[in-house]
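For reference, structure.cif is printed below; it contains mmCIF, C-alpha atoms.
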data_start
#
loop_
_atom_site.label_atom_id
_atom_site.label_comp_id
_atom_site.auth_asym_id
_atom_site.auth_seq_id
_atom_site.Cartn_x
_atom_site.Cartn_y
_atom_site.Cartn_z
CA MET W 13 -34.22 118.58 116.99
CA SER W 14 -37.86 117.55 116.62
CA SER W 15 -39.23 116.12 113.40
CA ARG W 16 -39.73 119.38 111.53
CA ASN W 17 -43.01 121.19 111.76
CA PRO W 18 -43.91 121.74 108.09
CA GLY W 19 -46.57 124.30 109.00
CA MET W 20 -50.00 124.46 107.43
CA ASP W 21 -52.22 126.89 105.58
CA LEU W 22 -53.30 129.80 107.73
CA ASP W 23 -56.50 128.77 109.53
CA LEU W 24 -57.91 132.23 110.27
CA GLU W 25 -61.13 130.85 111.68
CA TRP W 26 -59.15 129.02 114.40
CA VAL W 27 -57.01 132.11 115.13
CA LEU W 28 -59.91 134.57 115.33
CA LYS W 29 -62.08 132.57 117.70
CA VAL W 30 -59.36 132.30 120.38
CA ARG W 31 -60.16 133.74 123.82
CA VAL W 32 -57.82 133.32 126.79
CA ASN W 33 -59.18 133.19 130.35
CA THR W 34 -56.70 135.49 132.14
CA GLN W 35 -57.69 134.52 135.72
CA ALA W 36 -57.28 130.80 134.98
CA VAL W 37 -53.85 131.42 133.45
CA LEU W 38 -52.64 133.44 136.45
CA LYS W 39 -53.95 130.79 138.86
CA ARG W 40 -52.19 127.99 136.99
CA ALA W 41 -48.94 129.95 136.93
CA GLN W 42 -49.15 130.45 140.70
CA GLN W 43 -49.74 126.73 141.18
CA ILE W 44 -46.62 125.83 139.25
CA GLN W 45 -44.48 128.38 141.08
CA GLY W 46 -45.77 126.99 144.37
CA ARG W 47 -44.54 123.45 143.66
CA LYS W 48 -41.83 122.12 145.97
CA VAL W 49 -38.66 121.57 143.97
CA ALA W 50 -36.40 118.52 144.20
CA LYS W 51 -33.56 118.54 146.74
CA LYS W 52 -30.04 117.11 146.99
CA GLN W 53 -29.03 114.63 144.28
CA TRP W 54 -32.39 114.94 142.52
CA GLN W 55 -31.97 118.69 142.33
CA ALA W 56 -28.42 118.28 141.01
CA ALA W 57 -29.72 115.95 138.29
CA TRP W 58 -32.44 118.44 137.30
CA LEU W 59 -29.87 121.24 137.18
CA LEU W 60 -27.64 119.23 134.84
CA LYS W 61 -30.73 118.65 132.68
CA ALA W 62 -31.28 122.42 132.63
CA VAL W 63 -27.66 122.99 131.50
CA THR W 64 -28.20 120.73 128.49
CA CYS W 65 -31.17 122.89 127.45
CA ILE W 66 -29.42 126.29 127.63
CA ASP W 67 -28.82 128.38 124.53
CA LEU W 68 -25.75 130.13 125.96
CA THR W 69 -26.10 133.65 124.67
CA THR W 70 -24.18 136.86 124.14
CA LEU W 71 -26.03 139.69 122.42
CA ALA W 72 -24.08 142.79 123.38
CA GLY W 73 -22.86 145.80 121.46
CA ASP W 74 -19.32 145.08 122.64
CA ASP W 75 -19.16 141.42 121.49
CA THR W 76 -15.72 140.60 120.06
CA PRO W 77 -14.19 137.42 118.60
CA SER W 78 -12.48 136.79 121.97
CA ASN W 79 -15.58 136.88 124.17
CA VAL W 80 -17.50 134.82 121.59
CA HIS W 81 -14.62 132.31 121.76
CA ARG W 82 -14.86 132.24 125.57
CA LEU W 83 -18.62 131.70 125.32
CA CYS W 84 -18.07 128.76 122.96
CA MET W 85 -15.49 127.17 125.26
CA LYS W 86 -17.85 127.55 128.22
CA ALA W 87 -20.68 125.98 126.18
CA THR W 88 -18.55 122.91 125.37
CA GLN W 89 -17.61 122.44 129.03
CA PRO W 90 -20.29 124.25 131.04
CA ILE W 91 -19.56 122.62 134.41
CA ARG W 92 -16.06 122.21 135.84
CA HIS W 93 -14.68 118.75 135.04
CA ASP W 94 -13.81 117.82 138.66
CA LEU W 95 -17.36 118.65 139.79
CA LEU W 96 -18.84 116.41 137.10
CA LYS W 97 -16.33 113.66 137.96
CA SER W 98 -17.38 113.61 141.61
CA MET W 99 -20.98 113.14 140.40
CA ASP W 100 -19.86 110.43 137.96
CA MET W 101 -21.16 112.55 135.08
CA HIS W 102 -17.81 113.53 133.50
CA ASP W 103 -18.16 111.11 130.59
CA LYS W 104 -21.78 111.86 129.68
CA GLY W 105 -20.93 114.59 127.17
CA ILE W 106 -22.70 117.39 129.04
CA THR W 107 -22.70 120.60 127.01
CA THR W 108 -25.19 123.41 126.59
CA ALA W 109 -27.73 122.97 123.77
CA ALA W 110 -26.23 125.70 121.55
CA VAL W 111 -24.53 129.08 121.55
CA CYS W 112 -26.51 132.11 120.39
CA VAL W 113 -24.92 135.24 118.88
CA TYR W 114 -25.56 138.15 116.52
CA PRO W 115 -25.34 137.39 112.75
CA SER W 116 -21.99 139.16 112.38
CA ARG W 117 -20.49 136.92 115.09
CA VAL W 118 -21.68 133.59 113.65
CA ALA W 119 -18.44 132.99 111.72
CA ASP W 120 -16.41 133.58 114.92
CA ALA W 121 -18.51 131.05 116.86
CA VAL W 122 -18.37 128.46 114.08
CA LYS W 123 -14.58 128.83 113.89
CA SER W 124 -14.12 128.50 117.68
CA LEU W 125 -16.29 125.39 117.91
CA LYS W 126 -14.62 123.77 114.91
CA ALA W 127 -11.18 124.38 116.45
CA ALA W 128 -12.45 122.74 119.65
CA ASN W 129 -13.71 119.76 117.62
CA SER W 130 -17.26 120.41 118.84
CA SER W 131 -20.46 119.80 116.89
CA LEU W 132 -22.43 122.22 119.08
CA PRO W 133 -25.01 124.16 117.02
CA VAL W 134 -24.61 127.90 116.50
CA ALA W 135 -27.85 129.88 116.71
CA SER W 136 -28.12 133.42 115.40
CA VAL W 137 -30.74 136.06 116.03
CA ALA W 138 -31.91 137.74 112.84
CA THR W 139 -34.68 139.73 111.11
CA GLY W 140 -33.86 143.12 112.59
CA PHE W 141 -33.43 141.87 116.16
CA PRO W 142 -34.69 143.05 118.61
CA ALA W 143 -37.36 145.41 117.21
CA GLY W 144 -37.97 143.73 113.82
CA GLN W 145 -38.51 147.22 112.36
CA THR W 146 -36.19 146.99 109.34
CA PRO W 147 -37.39 146.41 105.73
CA LEU W 148 -38.46 142.86 104.90
CA LYS W 149 -35.76 142.57 102.22
CA THR W 150 -32.93 143.24 104.71
CA ARG W 151 -34.52 140.96 107.31
CA LEU W 152 -34.51 138.10 104.80
CA GLU W 153 -30.92 138.85 103.75
CA GLU W 154 -29.85 138.74 107.38
CA VAL W 155 -31.25 135.21 107.73
CA GLN W 156 -29.53 134.06 104.55
CA MET W 157 -26.17 135.52 105.58
CA ALA W 158 -26.30 133.90 109.04
CA VAL W 159 -27.08 130.51 107.43
CA GLU W 160 -24.25 130.97 104.91
CA ASP W 161 -21.84 131.70 107.78
CA GLY W 162 -22.77 128.39 109.42
CA ALA W 163 -25.71 129.05 111.75
CA THR W 164 -27.92 125.96 111.97
CA GLU W 165 -30.59 127.65 114.11
CA ILE W 166 -32.12 131.07 113.48
CA ASP W 167 -34.00 133.01 116.16
CA ILE W 168 -36.22 135.38 114.18
CA VAL W 169 -38.34 138.19 115.63
CA ILE W 170 -41.88 138.81 114.46
CA ASN W 171 -43.09 142.20 113.34
CA ARG W 172 -45.12 143.15 116.43
CA THR W 173 -46.97 145.85 114.51
CA LEU W 174 -48.71 143.16 112.45
CA ALA W 175 -49.78 141.24 115.55
CA LEU W 176 -50.98 144.35 117.41
CA THR W 177 -53.09 145.48 114.44
CA GLY W 178 -54.52 142.00 113.81
CA GLN W 179 -52.87 141.53 110.40
CA TRP W 180 -52.50 137.79 110.89
CA ARG W 181 -52.32 136.94 107.18
CA ALA W 182 -49.45 139.42 106.64
CA LEU W 183 -47.65 138.05 109.73
CA TYR W 184 -48.09 134.48 108.49
CA ASP W 185 -46.70 135.39 105.05
CA GLU W 186 -43.62 137.09 106.55
CA ILE W 187 -42.80 134.15 108.83
CA ARG W 188 -43.32 131.76 105.90
CA GLN W 189 -40.68 133.70 103.96
CA PHE W 190 -38.27 133.58 106.92
CA ARG W 191 -38.81 129.84 107.10
CA GLU W 192 -37.87 129.49 103.43
CA ALA W 193 -34.77 131.67 103.94
CA CYS W 194 -33.70 129.39 106.82
CA GLY W 195 -33.44 126.40 104.48
CA ASP W 196 -32.30 123.44 106.61
CA ALA W 197 -31.65 125.63 109.64
CA HIS W 198 -34.21 125.34 112.44
CA MET W 199 -36.31 128.42 113.05
CA LYS W 200 -37.22 129.76 116.48
CA THR W 201 -39.79 132.54 116.36
CA ILE W 202 -39.56 135.27 119.00
CA LEU W 203 -42.96 136.79 119.85
CA ALA W 204 -41.68 139.58 122.15
CA VAL W 205 -44.59 138.86 124.48
CA GLY W 206 -44.00 142.01 126.55
CA GLU W 207 -45.07 144.04 123.52
CA LEU W 208 -48.15 142.05 122.45
CA GLY W 209 -50.58 143.55 124.95
CA THR W 210 -52.86 140.63 125.85
CA PHE W 211 -52.71 136.89 126.52
CA THR W 212 -55.17 136.40 123.65
CA ASN W 213 -52.73 138.14 121.29
CA VAL W 214 -49.89 135.98 122.59
CA TYR W 215 -51.92 132.83 121.89
CA LYS W 216 -52.87 134.01 118.41
CA ALA W 217 -49.29 134.99 117.55
CA SER W 218 -48.13 131.56 118.81
CA LEU W 219 -50.66 129.78 116.57
CA VAL W 220 -49.82 131.86 113.48
CA SER W 221 -46.08 131.29 114.04
CA MET W 222 -46.57 127.53 114.24
CA MET W 223 -48.87 127.46 111.21
CA ALA W 224 -46.12 129.27 109.29
CA GLY W 225 -43.63 126.49 110.10
CA SER W 226 -41.76 127.55 113.25
CA ASP W 227 -39.75 124.77 114.92
CA PHE W 228 -39.82 126.65 118.24
CA ILE W 229 -41.70 129.59 119.66
CA LYS W 230 -39.72 131.87 121.99
CA THR W 231 -41.01 134.39 124.51
CA SER W 232 -38.72 137.37 124.20
CA THR W 233 -35.61 139.00 122.82
CA GLY W 234 -34.40 139.77 126.33
CA LYS W 235 -34.37 143.44 125.32
CA GLU W 236 -38.01 144.25 126.18
CA SER W 237 -38.97 145.56 129.61
CA VAL W 238 -41.10 142.44 130.26
CA ASN W 239 -39.58 139.13 129.18
CA ALA W 240 -40.24 135.49 130.06
CA THR W 241 -42.99 135.23 132.68
CA TYR W 242 -44.75 132.06 133.79
CA PRO W 243 -48.30 133.18 132.84
CA VAL W 244 -47.23 134.04 129.31
CA ALA W 245 -45.44 130.69 129.11
CA ILE W 246 -48.63 128.86 130.10
CA VAL W 247 -50.45 130.58 127.23
CA MET W 248 -47.71 129.67 124.72
CA VAL W 249 -47.36 126.03 125.79
CA ARG W 250 -51.14 125.56 125.68
CA ALA W 251 -51.00 126.82 122.10
CA ILE W 252 -48.20 124.30 121.43
CA ARG W 253 -50.36 121.54 122.93
CA ASP W 254 -53.41 122.50 120.87
CA TYR W 255 -51.33 122.69 117.68
CA CYS W 256 -49.85 119.26 118.38
CA LEU W 257 -53.28 117.74 119.03
CA ARG W 258 -54.63 119.20 115.82
CA THR W 259 -51.66 118.53 113.48
CA GLY W 260 -49.54 115.86 115.17
CA TYR W 261 -46.45 118.11 115.03
CA LYS W 262 -44.49 118.95 118.15
CA VAL W 263 -43.17 122.50 118.37
CA GLY W 264 -40.51 123.49 120.90
CA PHE W 265 -40.62 126.24 123.51
CA LYS W 266 -37.90 128.71 124.53
CA PRO W 267 -38.30 131.18 127.38
CA ALA W 268 -35.66 133.91 127.28
CA GLY W 269 -34.84 137.16 129.06
CA GLY W 270 -34.30 137.62 132.77
CA ILE W 271 -33.78 133.91 133.60
CA ARG W 272 -30.85 134.14 136.01
CA THR W 273 -31.13 131.66 138.87
CA ALA W 274 -30.88 127.90 139.20
CA GLN W 275 -34.15 127.98 141.13
CA GLU W 276 -35.95 129.59 138.17
CA SER W 277 -34.59 126.96 135.78
CA LEU W 278 -36.19 124.28 137.99
CA VAL W 279 -39.56 126.06 137.81
CA TRP W 280 -39.27 126.21 134.00
CA LEU W 281 -38.54 122.47 133.82
CA THR W 282 -41.49 121.78 136.14
CA LEU W 283 -43.76 123.88 133.94
CA MET W 284 -42.71 121.94 130.82
CA LYS W 285 -43.11 118.56 132.52
CA GLU W 286 -46.59 119.37 133.86
CA GLU W 287 -47.95 121.14 130.81
CA LEU W 288 -46.42 119.18 127.91
CA GLY W 289 -44.88 116.03 129.42
CA ASP W 290 -41.43 114.44 129.62
CA GLU W 291 -40.84 114.58 125.87
CA TRP W 292 -40.47 118.36 126.13
CA LEU W 293 -37.70 118.00 128.74
CA SER W 294 -34.98 117.76 126.13
CA PRO W 295 -33.07 120.26 123.99
CA HIS W 296 -35.01 119.02 120.95
CA LEU W 297 -38.15 120.69 122.28
CA PHE W 298 -37.04 122.95 125.14
CA ARG W 299 -34.40 125.67 125.34
CA LEU W 300 -33.58 128.25 127.98
CA GLY W 301 -32.25 131.46 126.47
CA ALA W 302 -29.77 132.78 129.02
CA SER W 303 -26.40 134.37 129.58
CA SER W 304 -25.93 134.55 133.37
CA LEU W 305 -28.02 131.50 134.36
CA LEU W 306 -25.21 128.98 133.83
CA ALA W 307 -22.96 130.65 136.42
CA ASP W 308 -25.62 130.25 139.12
CA ILE W 309 -26.32 126.62 138.19
CA GLU W 310 -22.59 125.84 138.38
CA ARG W 311 -22.50 127.58 141.78
CA GLN W 312 -25.33 125.38 143.07
CA ILE W 313 -23.67 122.21 141.73
CA TYR W 314 -20.40 123.25 143.42
CA HIS W 315 -22.38 123.57 146.67
CA TYR W 316 -23.98 120.14 146.16
CA VAL W 317 -20.55 118.52 145.64
CA THR W 318 -18.49 120.35 148.29
CA GLY W 319 -21.07 121.51 150.84
CA ARG W 320 -20.06 125.16 150.50
CA TYR W 321 -20.49 127.97 148.00
CA PRO W 322 -17.47 128.87 145.85
CA ALA W 323 -15.47 132.06 146.18
CA TYR W 324 -15.76 134.30 143.12
CA HIS W 325 -12.40 133.16 141.68
CA GLU W 326 -13.08 129.43 142.07
CA LEU W 327 -15.34 129.09 139.03
CA PRO W 328 -14.29 130.16 135.54
CA MET W 329 -16.20 133.01 133.96
CA ALA W 330 -19.44 132.06 132.31
#
Before anything else, please render the file you have as structure tokens.
Amino acid sequence: MSSRNPGMDLDLEWVLKVRVNTQAVLKRAQQIQGRKVAKKQWQAAWLLKAVTCIDLTTLAGDDTPSNVHRLCMKATQPIRHDLLKSMDMHDKGITTAAVCVYPSRVADAVKSLKAANSSLPVASVATGFPAGQTPLKTRLEEVQMAVEDGATEIDIVINRTLALTGQWRALYDEIRQFREACGDAHMKTILAVGELGTFTNVYKASLVSMMAGSDFIKTSTGKESVNATYPVAIVMVRAIRDYCLRTGYKVGFKPAGGIRTAQESLVWLTLMKEELGDEWLSPHLFRLGASSLLADIERQIYHYVTGRYPAYHELPMA
């Protein structure tokens, strides 16, 4: 991952003077969505790039060791071997960026990946995911337990109440404590943008999260009614850019929730390239949080290789 963002003291003056121009944000988002996407072999190359940035995720009430195992196997070989071979990409070590599970499933994922001789990182959500409405003590314990079980990335959720009521100091202090509990594990901070009300709040929460030492900022849990949208992403990546200009530290970005099609993954890559540059087109600084996206990307790659779309049984379950 990126050279770690150590954070900084809370600069309240910077946070409080933020104002976001909503019309400009919406216009920019429309521009990016209107871009023509690459075709043929260029599109296939971009789609493989997208695969390498996916945090392949299962966050369901009915998760079991067996479907976590299947997820891990899919993450280690996300695209069918023969398809990669016909593109001469079979020996490039293409995997997803990580797998992402609930804290109680971390040990299962670590075990599966170890048995497969894979060094793929295991990410765990924590801190009372998705609502973040449990006591601070238990939220911290959850982080520690996930790290002890072998998670090397922790996706924490912020306490939205603090952001909505403008308690930026309290929010900063909480995230700082989560960062300490993570130890060497990388910390991705979920803002739950659908519950923050305004773009200005999203920008402020992004800034406070980075000041508190987040390695990534992430849009959503995937459990809110509004998840990753392009306008909200523009606001967050502009905050990342401003933070980098001011401190020299690069923070990653992870959209999550509702990202299901190969076409959307291309728009997300375009957005990163245009707003933050090529350096952010790698799993060190960009992740796509998704569960069903990979199946559609594999479908499109199958079409690129064979000229037809696969029947349902021709691709293994994602």
Residue members of the PyMOL selection byres ((chain W and resi 32) around 12) in the file shown, as a PyMOL selection string = chain W and resi 27-31+33-38+210-216+243-244+246-248+250-251
Apply the PyMOL selection byres ((chain W and resi 81) around 12) to the displayed file and report the matching residues as a PDB file with C-alpha atoms, keeping the file's coordinate frame.
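Written output follows (part-v1.pdb):
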ATOM      1  CA  THR W  69     -26.100 133.650 124.670  1.00  0.00           C
ATOM      2  CA  THR W  70     -24.180 136.860 124.140  1.00  0.00           C
ATOM      3  CA  ASP W  75     -19.160 141.420 121.490  1.00  0.00           C
ATOM      4  CA  THR W  76     -15.720 140.600 120.060  1.00  0.00           C
ATOM      5  CA  PRO W  77     -14.190 137.420 118.600  1.00  0.00           C
ATOM      6  CA  SER W  78     -12.480 136.790 121.970  1.00  0.00           C
ATOM      7  CA  ASN W  79     -15.580 136.880 124.170  1.00  0.00           C
ATOM      8  CA  VAL W  80     -17.500 134.820 121.590  1.00  0.00           C
ATOM      9  CA  ARG W  82     -14.860 132.240 125.570  1.00  0.00           C
ATOM     10  CA  LEU W  83     -18.620 131.700 125.320  1.00  0.00           C
ATOM     11  CA  CYS W  84     -18.070 128.760 122.960  1.00  0.00           C
ATOM     12  CA  MET W  85     -15.490 127.170 125.260  1.00  0.00           C
ATOM     13  CA  LYS W  86     -17.850 127.550 128.220  1.00  0.00           C
ATOM     14  CA  ALA W  87     -20.680 125.980 126.180  1.00  0.00           C
ATOM     15  CA  THR W  88     -18.550 122.910 125.370  1.00  0.00           C
ATOM     16  CA  VAL W 111     -24.530 129.080 121.550  1.00  0.00           C
ATOM     17  CA  CYS W 112     -26.510 132.110 120.390  1.00  0.00           C
ATOM     18  CA  VAL W 113     -24.920 135.240 118.880  1.00  0.00           C
ATOM     19  CA  ARG W 117     -20.490 136.920 115.090  1.00  0.00           C
ATOM     20  CA  VAL W 118     -21.680 133.590 113.650  1.00  0.00           C
ATOM     21  CA  ALA W 119     -18.440 132.990 111.720  1.00  0.00           C
ATOM     22  CA  ASP W 120     -16.410 133.580 114.920  1.00  0.00           C
ATOM     23  CA  ALA W 121     -18.510 131.050 116.860  1.00  0.00           C
ATOM     24  CA  VAL W 122     -18.370 128.460 114.080  1.00  0.00           C
ATOM     25  CA  LYS W 123     -14.580 128.830 113.890  1.00  0.00           C
ATOM     26  CA  SER W 124     -14.120 128.500 117.680  1.00  0.00           C
ATOM     27  CA  LEU W 125     -16.290 125.390 117.910  1.00  0.00           C
ATOM     28  CA  LYS W 126     -14.620 123.770 114.910  1.00  0.00           C
ATOM     29  CA  ALA W 127     -11.180 124.380 116.450  1.00  0.00           C
ATOM     30  CA  ALA W 128     -12.450 122.740 119.650  1.00  0.00           C
ATOM     31  CA  ALA W 330     -19.440 132.060 132.310  1.00  0.00           C
TER      32      ALA W 330
END
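The result of the PyMOL selection byres ((chain W and resi 274) around 8) on the shown file is Leu59, Arg272, Thr273, Gln275, Glu276, Ser277, Leu278, Leu305, Leu306, Asp308, Ile309 and Gln312 of chain W.
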Please dump the current selection as a PDB file, in the coordinates of the input; keep C-alpha atoms.
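Wrote it out as part29.pdb, contents follow:
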ATOM      1  CA  LEU W  59     -29.870 121.240 137.180  1.00  0.00           C
ATOM      2  CA  ARG W 272     -30.850 134.140 136.010  1.00  0.00           C
ATOM      3  CA  THR W 273     -31.130 131.660 138.870  1.00  0.00           C
ATOM      4  CA  GLN W 275     -34.150 127.980 141.130  1.00  0.00           C
ATOM      5  CA  GLU W 276     -35.950 129.590 138.170  1.00  0.00           C
ATOM      6  CA  SER W 277     -34.590 126.960 135.780  1.00  0.00           C
ATOM      7  CA  LEU W 278     -36.190 124.280 137.990  1.00  0.00           C
ATOM      8  CA  LEU W 305     -28.020 131.500 134.360  1.00  0.00           C
ATOM      9  CA  LEU W 306     -25.210 128.980 133.830  1.00  0.00           C
ATOM     10  CA  ASP W 308     -25.620 130.250 139.120  1.00  0.00           C
ATOM     11  CA  ILE W 309     -26.320 126.620 138.190  1.00  0.00           C
ATOM     12  CA  GLN W 312     -25.330 125.380 143.070  1.00  0.00           C
TER      13      GLN W 312
END
So that I can see what lies close to range 181-195 of chain W, please list as a short mmCIF file (atom, residue, chain, number, x, y, z; two decimals) with C-alpha atoms, keeping the file's coordinate frame the residues with an atom at most 6 Å from it, counting all atoms listed in the file and leaving out residues fewer than 4 positions away in the same chain.
data_model
loop_
_atom_site.label_atom_id
_atom_site.label_comp_id
_atom_site.auth_asym_id
_atom_site.auth_seq_id
_atom_site.Cartn_x
_atom_site.Cartn_y
_atom_site.Cartn_z
CA GLN W 156 -29.53 134.06 104.55
CA LEU W 174 -48.71 143.16 112.45
CA VAL W 220 -49.82 131.86 113.48
CA ALA W 224 -46.12 129.27 109.29
#
Polymer residues at most 10 Å from Thr282 in chain W, all atoms listed in the file, same-chain spacing of 3 or more positions, as a PDB file with C-alpha atoms, in the frame of the given file:
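Output below, filename out-v5.pdb:
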ATOM      1  CA  ILE W  44     -46.620 125.830 139.250  1.00  0.00           C
ATOM      2  CA  GLN W  45     -44.480 128.380 141.080  1.00  0.00           C
ATOM      3  CA  ARG W  47     -44.540 123.450 143.660  1.00  0.00           C
ATOM      4  CA  LYS W  48     -41.830 122.120 145.970  1.00  0.00           C
ATOM      5  CA  VAL W  49     -38.660 121.570 143.970  1.00  0.00           C
ATOM      6  CA  TRP W  58     -32.440 118.440 137.300  1.00  0.00           C
ATOM      7  CA  GLU W 276     -35.950 129.590 138.170  1.00  0.00           C
ATOM      8  CA  SER W 277     -34.590 126.960 135.780  1.00  0.00           C
ATOM      9  CA  LEU W 278     -36.190 124.280 137.990  1.00  0.00           C
ATOM     10  CA  VAL W 279     -39.560 126.060 137.810  1.00  0.00           C
ATOM     11  CA  LYS W 285     -43.110 118.560 132.520  1.00  0.00           C
ATOM     12  CA  GLU W 286     -46.590 119.370 133.860  1.00  0.00           C
ATOM     13  CA  GLU W 287     -47.950 121.140 130.810  1.00  0.00           C
ATOM     14  CA  LEU W 288     -46.420 119.180 127.910  1.00  0.00           C
ATOM     15  CA  GLY W 289     -44.880 116.030 129.420  1.00  0.00           C
ATOM     16  CA  ASP W 290     -41.430 114.440 129.620  1.00  0.00           C
ATOM     17  CA  LEU W 293     -37.700 118.000 128.740  1.00  0.00           C
TER      18      LEU W 293
END
Could you tell me, as a ChimeraX atom specification, which residues have any atom at most 12 Å from (-32.9, 137.2, 112.7), counting all atoms listed in the file?
-> /W:112-116,118,135-146,148,150-159,163,165-171,187,190-191,193-194,198-202,233
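Counting all atoms listed in the file, the residue from W:Ala245, W:Ser303, W:Leu95, W:Pro267 that sits nearest to Pro322 in chain W is W:Leu95.
Relative to CA of Gln179 in chain W, CA of Gly19 in chain W is found at 18.4 Å.
Interatomic distance, CA of Thr64 in chain W against CA of Glu310 in chain W: 12.5 Å.
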Name the residues in contact with Val238 in chain W at a cut-off of 10 Å, using only C-alpha atoms, excluding same-chain residues fewer than 4 positions from it; report them as a PyMOL selection string.
-> chain W and resi 204-207+231-234+269-270
Selected residues written out, C-alpha atoms, as an mmCIF file, in the coordinates of the input:
data_model
loop_
_atom_site.group_PDB
_atom_site.id
_atom_site.type_symbol
_atom_site.label_atom_id
_atom_site.label_comp_id
_atom_site.auth_asym_id
_atom_site.auth_seq_id
_atom_site.Cartn_x
_atom_site.Cartn_y
_atom_site.Cartn_z
ATOM 1 C CA ALA W 204 -41.680 139.580 122.150
ATOM 2 C CA VAL W 205 -44.590 138.860 124.480
ATOM 3 C CA GLY W 206 -44.000 142.010 126.550
ATOM 4 C CA GLU W 207 -45.070 144.040 123.520
ATOM 5 C CA THR W 231 -41.010 134.390 124.510
ATOM 6 C CA SER W 232 -38.720 137.370 124.200
ATOM 7 C CA THR W 233 -35.610 139.000 122.820
ATOM 8 C CA GLY W 234 -34.400 139.770 126.330
ATOM 9 C CA GLY W 269 -34.840 137.160 129.060
ATOM 10 C CA GLY W 270 -34.300 137.620 132.770
#
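Between CA of Arg92 in chain W and CA of His315 in chain W lies a distance of 12.6 Å.
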Please check which residues have atoms at most 6 Å from (-37.9, 135.5, 135.4) in the file's coordinates, counting all atoms listed in the file, and write them as a PyMOL selection string.
-> chain W and resi 240-241+270-271
Would you list the contacts of Lys61 in chain W as an mmCIF file with C-alpha atoms, in the frame of the given file, taking every protein, DNA or RNA residue within 10 Å and counting all atoms listed in the file, but skipping same-chain residues closer than 4 positions in sequence?
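What follows is the written file around.cif:
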data_model
loop_
_atom_site.group_PDB
_atom_site.id
_atom_site.type_symbol
_atom_site.label_atom_id
_atom_site.label_comp_id
_atom_site.auth_asym_id
_atom_site.auth_seq_id
_atom_site.Cartn_x
_atom_site.Cartn_y
_atom_site.Cartn_z
ATOM 1 C CA GLN W 55 -31.970 118.690 142.330
ATOM 2 C CA ALA W 56 -28.420 118.280 141.010
ATOM 3 C CA ALA W 57 -29.720 115.950 138.290
ATOM 4 C CA CYS W 65 -31.170 122.890 127.450
ATOM 5 C CA ILE W 66 -29.420 126.290 127.630
ATOM 6 C CA ILE W 106 -22.700 117.390 129.040
ATOM 7 C CA THR W 108 -25.190 123.410 126.590
ATOM 8 C CA SER W 277 -34.590 126.960 135.780
ATOM 9 C CA LEU W 278 -36.190 124.280 137.990
ATOM 10 C CA LEU W 281 -38.540 122.470 133.820
ATOM 11 C CA LEU W 293 -37.700 118.000 128.740
ATOM 12 C CA SER W 294 -34.980 117.760 126.130
ATOM 13 C CA PRO W 295 -33.070 120.260 123.990
#
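Of the residues listed (W:Gly46, W:Ser130, W:Asp94, W:Glu25), W:Ser130 shows the shortest atom-to-atom separation from Thr107 in chain W; distances use only C-alpha atoms.
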If you count only C-alpha atoms, the residue of W:Glu160, W:Asp227, W:Asp67, W:Asp100 closest to Leu297 in chain W turns out to be W:Asp227
